[in-house]
file upload05.tsv (TSV, C-alpha atoms)
chain	number	residue	atom	x	y	z
A	1	MET	CA	35.02	40.16	-19.89
A	2	LYS	CA	35.00	37.33	-22.43
A	3	ASP	CA	31.92	36.50	-24.49
A	4	SER	CA	31.47	33.18	-22.72
A	5	GLU	CA	31.56	34.92	-19.35
A	6	LYS	CA	29.05	37.49	-20.56
A	7	ARG	CA	26.74	34.74	-21.75
A	8	ALA	CA	27.08	32.89	-18.46
A	9	LYS	CA	26.26	36.05	-16.53
A	10	ARG	CA	23.28	36.80	-18.78
A	11	ASN	CA	21.98	33.26	-18.34
A	12	ALA	CA	22.42	33.48	-14.57
A	13	ASP	CA	20.56	36.81	-14.49
A	14	ILE	CA	17.69	35.34	-16.49
A	15	ASP	CA	17.60	32.24	-14.28
A	16	LEU	CA	17.28	34.56	-11.30
A	17	CYS	CA	14.45	36.53	-12.94
A	18	VAL	CA	12.62	33.30	-13.72
A	19	THR	CA	12.95	31.95	-10.19
A	20	ASN	CA	11.87	35.29	-8.73
A	21	ALA	CA	8.80	35.24	-10.97
A	22	LEU	CA	8.00	31.69	-9.84
A	23	ASP	CA	8.43	32.73	-6.20
A	24	LYS	CA	5.99	35.56	-6.79
A	25	GLN	CA	3.46	33.21	-8.36
A	26	ALA	CA	3.75	30.86	-5.39
A	27	GLU	CA	3.28	33.75	-2.96
A	28	THR	CA	0.26	35.10	-4.79
A	29	ILE	CA	-1.57	31.83	-5.21
A	30	SER	CA	-5.34	32.32	-4.99
A	31	PRO	CA	-7.01	31.72	-1.59
A	32	LYS	CA	-9.23	29.10	-3.20
A	33	ILE	CA	-6.26	27.04	-4.35
A	34	SER	CA	-4.51	27.66	-1.06
A	35	ASP	CA	-7.53	26.34	0.87
A	36	ARG	CA	-7.67	23.24	-1.31
A	37	LEU	CA	-3.98	22.62	-0.75
A	38	ASP	CA	-4.48	22.99	3.01
A	39	ALA	CA	-7.39	20.55	2.92
A	40	ALA	CA	-5.33	18.05	0.94
A	41	ARG	CA	-2.49	18.38	3.44
A	42	PHE	CA	-4.79	17.90	6.45
A	43	SER	CA	-6.27	14.77	4.89
A	44	ALA	CA	-2.85	13.39	3.99
A	45	ILE	CA	-1.57	13.88	7.53
A	46	ALA	CA	-4.73	12.70	9.29
A	47	GLU	CA	-5.60	9.69	7.12
A	48	PRO	CA	-2.82	8.77	4.70
A	49	ASP	CA	-4.76	5.71	3.56
A	50	SER	CA	-8.04	7.49	2.92
A	51	LYS	CA	-7.05	8.63	-0.58
A	52	LEU	CA	-7.03	5.03	-1.65
A	53	ASN	CA	-10.70	4.87	-0.81
A	54	SER	CA	-11.69	8.30	-2.10
A	55	ASN	CA	-12.47	6.95	-5.56
A	56	PRO	CA	-13.05	3.32	-4.84
A	57	GLY	CA	-15.26	2.35	-7.77
A	58	LEU	CA	-16.71	-1.12	-7.12
A	59	LEU	CA	-14.48	-1.81	-4.11
A	60	PRO	CA	-17.17	-1.35	-1.39
A	61	TRP	CA	-19.51	-3.66	-3.28
A	62	LEU	CA	-17.06	-6.52	-3.49
A	63	PRO	CA	-18.18	-8.33	-0.28
A	64	ALA	CA	-21.85	-8.01	-1.25
A	65	MET	CA	-21.12	-9.13	-4.80
A	66	GLY	CA	-19.13	-12.10	-3.49
A	67	THR	CA	-21.97	-13.14	-1.15
A	68	CYS	CA	-24.56	-12.86	-3.94
A	69	ALA	CA	-22.38	-14.91	-6.29
A	70	ALA	CA	-21.92	-17.62	-3.64
A	71	LEU	CA	-25.67	-17.74	-2.90
A	72	LEU	CA	-26.50	-17.93	-6.58
A	73	LEU	CA	-24.03	-20.78	-7.01
A	74	VAL	CA	-25.58	-22.70	-4.10
A	75	VAL	CA	-29.11	-22.20	-5.46
A	76	VAL	CA	-28.06	-23.34	-8.94
A	77	MET	CA	-26.23	-26.39	-7.56
A	78	LEU	CA	-29.26	-27.43	-5.52
A	79	ASN	CA	-31.64	-27.08	-8.45
A	80	ILE	CA	-29.69	-28.80	-11.20
A	81	PRO	CA	-31.26	-32.23	-11.82
A	82	ASP	CA	-28.74	-35.05	-11.57
A	83	SER	CA	-28.93	-36.54	-15.05
A	84	SER	CA	-26.22	-39.14	-14.44
A	85	THR	CA	-28.44	-41.36	-12.28
A	86	PRO	CA	-31.85	-42.40	-13.63
A	87	THR	CA	-34.80	-41.52	-11.46
A	88	LEU	CA	-37.83	-43.64	-10.92
A	89	ALA	CA	-41.35	-42.43	-11.32
A	90	ASP	CA	-43.75	-43.03	-8.40
A	91	GLY	CA	-45.24	-46.09	-10.09
A	92	ASP	CA	-41.81	-47.60	-10.74
A	93	GLN	CA	-40.80	-47.07	-7.13
A	94	ASP	CA	-43.89	-48.95	-5.95
A	95	LEU	CA	-43.09	-51.76	-8.34
A	96	VAL	CA	-39.53	-52.10	-7.10
A	97	LEU	CA	-40.74	-52.08	-3.50
A	98	GLU	CA	-43.26	-54.73	-4.32
A	99	VAL	CA	-40.61	-56.94	-5.97
A	100	VAL	CA	-38.23	-56.56	-3.03
A	101	LEU	CA	-40.93	-57.25	-0.45
A	102	THR	CA	-42.28	-60.31	-2.24
A	103	ASN	CA	-38.80	-61.78	-2.96
A	104	GLN	CA	-39.65	-62.27	-6.64
A	105	ASP	CA	-36.96	-63.52	-8.98
A	106	MET	CA	-34.95	-60.58	-10.33
A	107	ASP	CA	-34.20	-62.37	-13.61
A	108	LEU	CA	-37.90	-62.64	-14.27
A	109	MET	CA	-38.27	-58.98	-13.45
A	110	GLU	CA	-35.62	-58.02	-16.00
A	111	GLU	CA	-37.26	-60.11	-18.71
A	112	ASP	CA	-40.78	-58.83	-18.11
A	113	LEU	CA	-39.95	-55.33	-17.07
A	114	GLU	CA	-42.08	-53.80	-19.80
A	115	PHE	CA	-45.04	-55.89	-18.65
A	116	TYR	CA	-44.68	-54.75	-15.07
A	117	LEU	CA	-44.35	-51.13	-16.16
A	118	TRP	CA	-47.55	-51.51	-18.21
A	119	LEU	CA	-49.22	-53.13	-15.25
A	120	ALA	CA	-48.19	-50.30	-12.98
A	121	GLU	CA	-49.63	-47.77	-15.41
A	122	GLN	CA	-52.88	-49.69	-15.54
A	123	ASN	CA	-53.11	-49.78	-11.74
A	124	SER	CA	-52.44	-46.08	-11.37
B	1	MET	CA	10.01	20.01	11.86
B	2	THR	CA	6.88	17.89	11.54
B	3	LEU	CA	5.63	16.39	8.30
B	4	ASN	CA	2.76	18.87	8.40
B	5	GLN	CA	5.16	21.81	8.62
B	6	PHE	CA	7.27	20.40	5.82
B	7	LEU	CA	4.27	19.97	3.53
B	8	THR	CA	3.06	23.47	4.40
B	9	SER	CA	6.42	24.87	3.37
B	10	VAL	CA	6.42	23.14	-0.03
B	11	GLN	CA	2.79	22.88	-1.08
B	12	LYS	CA	2.55	26.15	-3.02
B	13	ARG	CA	5.78	25.62	-4.92
B	14	ALA	CA	4.72	22.04	-5.60
B	15	PHE	CA	1.46	23.34	-7.01
B	16	ILE	CA	3.24	25.83	-9.30
B	17	THR	CA	5.63	23.08	-10.42
B	18	ALA	CA	2.74	20.77	-11.28
B	19	LYS	CA	0.80	23.58	-12.93
B	20	LEU	CA	3.75	24.46	-15.14
B	21	ALA	CA	3.90	20.83	-16.25
B	22	THR	CA	0.19	20.28	-16.74
B	23	ASP	CA	-1.19	23.75	-17.50
B	24	ASN	CA	-4.27	22.72	-15.55
B	25	GLU	CA	-5.13	23.78	-12.00
B	26	ASP	CA	-7.24	20.75	-11.14
B	27	ASP	CA	-4.70	18.29	-12.48
B	28	ALA	CA	-1.95	20.15	-10.63
B	29	LEU	CA	-3.96	19.99	-7.39
B	30	ASP	CA	-4.55	16.27	-7.87
B	31	ILE	CA	-0.83	15.71	-8.43
B	32	VAL	CA	0.15	17.64	-5.30
B	33	GLN	CA	-2.55	15.89	-3.26
B	34	ASP	CA	-1.42	12.45	-4.44
B	35	SER	CA	2.18	13.33	-3.66
B	36	MET	CA	1.26	14.43	-0.13
B	37	PHE	CA	-0.69	11.23	0.49
B	38	LYS	CA	2.12	9.05	-0.83
B	39	LEU	CA	4.71	10.82	1.28
B	40	ALA	CA	2.54	10.64	4.41
B	41	LYS	CA	1.67	7.00	3.78
B	42	SER	CA	4.98	5.59	2.59
B	43	TYR	CA	7.63	7.67	4.29
B	44	PRO	CA	6.32	8.98	7.62
B	45	ASP	CA	9.25	7.43	9.49
B	46	LYS	CA	11.96	8.94	7.32
B	47	SER	CA	14.03	11.75	8.77
B	48	GLU	CA	13.08	15.30	7.91
B	49	GLN	CA	16.35	15.72	6.00
B	50	GLU	CA	15.13	13.07	3.55
B	51	TRP	CA	11.67	14.56	3.01
B	52	PRO	CA	12.58	17.21	0.39
B	53	ALA	CA	14.20	14.74	-2.01
B	54	LEU	CA	11.57	12.07	-1.34
B	55	PHE	CA	8.70	14.49	-1.84
B	56	GLN	CA	10.28	15.78	-5.01
B	57	ARG	CA	10.71	12.27	-6.36
B	58	VAL	CA	7.08	11.44	-5.59
B	59	LEU	CA	5.94	14.72	-7.15
B	60	GLN	CA	8.00	14.25	-10.31
B	61	ASN	CA	6.78	10.66	-10.67
B	62	ALA	CA	3.21	11.87	-10.34
B	63	ILE	CA	3.86	14.44	-13.08
B	64	LYS	CA	5.41	11.73	-15.28
B	65	ASP	CA	2.33	9.55	-14.69
B	66	TRP	CA	0.16	12.48	-15.73
B	67	TYR	CA	2.16	12.80	-18.97
B	68	ARG	CA	1.74	9.06	-19.63
B	69	LYS	CA	-2.01	9.31	-19.08
B	70	GLN	CA	-2.13	12.30	-21.41
B	71	LYS	CA	-0.36	10.29	-24.10
B	72	VAL	CA	-2.88	7.49	-23.75
B	73	ARG	CA	-5.71	10.00	-23.89
B	74	LYS	CA	-4.18	11.55	-26.99
B	75	ILE	CA	-4.12	8.17	-28.65
B	76	MET	CA	-7.64	7.34	-27.51
B	77	TRP	CA	-9.08	10.73	-28.30
B	78	TRP	CA	-6.89	11.89	-31.15
B	79	TRP	CA	-9.31	14.56	-32.14
B	80	GLN	CA	-8.64	16.37	-28.86
B	81	GLN	CA	-4.95	16.82	-29.62
B	82	ASP	CA	-5.45	20.35	-30.71
B	83	LYS	CA	-6.74	21.23	-27.28
B	84	ILE	CA	-3.30	20.68	-25.77
B	85	SER	CA	-1.92	23.82	-27.23
B	86	GLU	CA	0.97	25.97	-26.27
B	87	GLU	CA	-1.10	28.69	-24.76
B	88	GLU	CA	0.46	30.79	-22.09
B	89	LEU	CA	-0.12	29.69	-18.53
B	90	PRO	CA	-2.94	31.84	-17.22
B	91	ILE	CA	-2.07	34.00	-14.27
B	92	ASP	CA	-4.45	34.70	-11.44
B	93	TYR	CA	-4.56	38.46	-11.91
B	94	SER	CA	-6.68	39.08	-8.85
B	95	ASN	CA	-3.86	38.09	-6.54
B	96	ILE	CA	-1.10	40.15	-8.07
B	97	PRO	CA	-0.53	43.10	-5.75
B	98	ARG	CA	-1.89	46.33	-7.13
B	99	GLU	CA	0.81	48.49	-8.61
B	100	GLU	CA	0.73	51.38	-11.01
B	101	PRO	CA	-1.26	50.27	-14.07
B	102	GLU	CA	1.69	50.29	-16.49
B	103	LYS	CA	3.96	48.48	-14.07
B	104	SER	CA	1.27	45.95	-13.22
B	105	GLN	CA	0.62	45.25	-16.88
B	106	GLN	CA	4.34	44.79	-17.44
B	107	THR	CA	4.56	42.38	-14.50
B	108	ILE	CA	1.73	40.27	-15.92
B	109	GLN	CA	3.29	40.22	-19.37
B	110	THR	CA	6.64	39.24	-17.92
B	111	ALA	CA	5.08	36.46	-15.85
B	112	ASN	CA	3.17	35.17	-18.86
B	113	ALA	CA	6.29	35.23	-21.01
B	114	ILE	CA	8.25	33.35	-18.36
B	115	ASN	CA	5.57	30.72	-17.97
B	116	ALA	CA	5.27	30.30	-21.71
B	117	ALA	CA	9.04	29.93	-22.07
B	118	LEU	CA	9.15	27.37	-19.25
B	119	ARG	CA	6.27	25.40	-20.73
B	120	LYS	CA	7.93	25.30	-24.13
B	121	LEU	CA	10.94	23.51	-22.67
B	122	PRO	CA	11.06	19.74	-23.14
B	123	PHE	CA	9.88	18.04	-19.95
B	124	ARG	CA	13.33	16.85	-18.84
B	125	GLN	CA	14.81	20.32	-19.32
B	126	GLN	CA	11.92	21.92	-17.47
B	127	GLN	CA	12.35	19.38	-14.67
B	128	ALA	CA	16.10	19.99	-14.42
B	129	PHE	CA	15.67	23.76	-14.41
B	130	ILE	CA	12.88	23.80	-11.82
B	131	LEU	CA	14.68	21.38	-9.51
B	132	ARG	CA	18.11	22.98	-9.76
B	133	ALA	CA	17.31	26.67	-10.05
B	134	TRP	CA	14.05	27.03	-8.14
B	135	TRP	CA	13.99	24.19	-5.63
B	136	GLU	CA	17.77	24.55	-5.24
B	137	HIS	CA	18.46	20.84	-5.21
B	138	SER	CA	22.07	19.84	-5.85
B	139	THR	CA	23.03	18.20	-9.12
B	140	GLU	CA	23.29	14.83	-7.37
B	141	GLU	CA	19.89	15.20	-5.66
B	142	THR	CA	18.33	16.27	-8.95
B	143	ALA	CA	19.89	13.26	-10.68
B	144	ALA	CA	18.43	10.94	-8.03
B	145	ILE	CA	15.00	12.57	-8.34
B	146	MET	CA	15.03	12.46	-12.14
B	147	GLY	CA	16.50	8.98	-12.24
B	148	CYS	CA	19.42	9.89	-14.47
B	149	SER	CA	23.11	10.70	-14.19
B	150	ALA	CA	24.53	13.96	-12.84
B	151	GLY	CA	25.98	14.59	-16.30
B	152	SER	CA	22.52	14.39	-17.86
B	153	VAL	CA	21.20	16.83	-15.28
B	154	LYS	CA	23.96	19.30	-16.15
B	155	THR	CA	23.20	18.94	-19.85
B	156	HIS	CA	19.44	19.38	-19.38
B	157	TYR	CA	19.93	22.34	-17.06
B	158	SER	CA	22.41	24.05	-19.36
B	159	ARG	CA	20.14	23.64	-22.38
B	160	ALA	CA	17.15	24.88	-20.41
B	161	SER	CA	19.08	27.90	-19.22
B	162	LYS	CA	20.19	28.76	-22.76
B	163	ALA	CA	16.69	28.30	-24.15
B	164	LEU	CA	15.21	30.54	-21.46
B	165	ALA	CA	17.90	33.16	-22.04
B	166	ASN	CA	17.15	33.20	-25.76
B	167	ALA	CA	13.41	33.40	-25.20
B	168	LEU	CA	13.43	35.94	-22.40
B	169	GLN	CA	16.42	38.23	-22.78
B	170	GLU	CA	14.35	40.94	-24.40
B	171	VAL	CA	11.54	40.53	-21.90
B	172	VAL	CA	13.30	40.44	-18.57
B	173	LEU	CA	16.64	42.22	-19.08

call {"tool": "encode", "arguments": {"input": "upload05.tsv", "output": "structure tokens"}}
result
Amino acid sequence: MKDSEKRAKRNADIDLCVTNALDKQAETISPKISDRLDAARFSAIAEPDSKLNSNPGLLPWLPAMGTCAALLLVVVMLNIPDSSTPTLADGDQDLVLEVVLTNQDMDLMEEDLEFYLWLAEQNS
Amino acid sequence: MTLNQFLTSVQKRAFITAKLATDNEDDALDIVQDSMFKLAKSYPDKSEQEWPALFQRVLQNAIKDWYRKQKVRKIMWWWQQDKISEEELPIDYSNIPREEPEKSQQTIQTANAINAALRKLPFRQQQAFILRAWWEHSTEETAAIMGCSAGSVKTHYSRASKALANALQEVVL
């Protein structure tokens, strides 16, 4: 037998020993591990999708978080004062109403606006 | 054969395969569990002839993912590198059938030496050896599972076989 053939036979014998040893390890796996493997298999067969949810992190909270964020946004939107349009104080509103009802000249109003504002303050 | 029967027939060997790669029972269990779920979820309609190669591909990908995560962990926690040592794979002594004390001790030593030699192989060589020699996949199937050419599988397998022979000839022959 040539050296190369001897080496090939030796390697094949060792491969066989290794695979036999691995077979033995698989056969003698502890009952605890075996039970856990069985449980994993049952779960995989029964609910293949359940593993995705077994460690979900924040996933279950997403709908609640989305609702809270939307509510917060609505509340903030409703409470932001609109600074683009000037608002009238109560006295000013009365003055405008008075001007409209009495058909006073608007040009005069523009000229003496400060006077009418002062007058409104005095009245209130 | 049902999927349940198929998984029953491979689960222990899958666990040993993952344990050889990870040297950690919990990680190995997680890998096998993930592989089972992926097979059951993604390939329930495949024929039973396709299951072995598919399961093996899923399993090997899960092991590769584990290695990637370990690399990231090594980078993140460099000071823990020393923990990933080349210790021998622990054997569950309680389940080895009782033999005569000397013979039993020899069996344990042999098993430890074999595990250590397998774990010292580079991952691709270990993969090729386990798939070809233990799982008895053909060269072509192994190439498809490993995502490489048949020639690469032959090279990896041959190198693994030589390395094991060198490491174990005095132990097992």

call {"tool": "interface_residues", "arguments": {"input": "upload05.tsv", "of": "chain A", "to": "chain B", "cutoff": "10 Å", "atoms": "all atoms listed in the file", "output": "ChimeraX atom specification"}}
result
/A:7-8,10-31,33-34,36-52

call {"tool": "atom_distance", "arguments": {"input": "upload05.tsv", "atom1": "CA of Leu54 (chain B)", "atom2": "CA of Ser138 (chain B)"}}
result
13.8 Å

call {"tool": "atom_distance", "arguments": {"input": "upload05.tsv", "atom1": "CA of Lys46 (chain B)", "atom2": "CA of Leu131 (chain B)"}}
result
21.1 Å

call {"tool": "atom_distance", "arguments": {"input": "upload05.tsv", "atom1": "CA of Thr102 (chain A)", "atom2": "CA of Glu114 (chain A)"}}
result
18.7 Å

call {"tool": "residues_around", "arguments": {"input": "upload05.tsv", "residues": "Ile31 (chain B)", "least_positions_apart": "3", "cutoff": "7 Å", "atoms": "all atoms listed in the file", "output": "number ranges by chain"}}
result
B: 18, 27-28, 34-35, 59, 62-63

call {"tool": "residues_around", "arguments": {"input": "upload05.tsv", "residues": "Ala150 (chain B)", "least_positions_apart": "6", "cutoff": "6 Å", "atoms": "all atoms listed in the file", "output": "list in words"}}
result
Thr139, Glu140 and Ala143 of chain B

call {"tool": "residues_around", "arguments": {"input": "upload05.tsv", "residues": "Glu48 (chain B)", "least_positions_apart": "6", "cutoff": "9 Å", "atoms": "only C-alpha atoms", "output": "compact mmCIF listing (two decimals) with C-alpha atoms, keeping the file's coordinate frame"}}
result
# COMPACT_ATOMS: atom_id res chain seq x y z
CA MET B 1 10.01 20.01 11.86
CA THR B 2 6.88 17.89 11.54
CA LEU B 3 5.63 16.39 8.30
CA PHE B 6 7.27 20.40 5.82

call {"tool": "closest_residue", "arguments": {"input": "upload05.tsv", "among": "A:Glu5, A:Asp94, A:Leu101, A:Ala64", "to": "Leu117 (chain A)", "atoms": "only C-alpha atoms"}}
result
A:Asp94
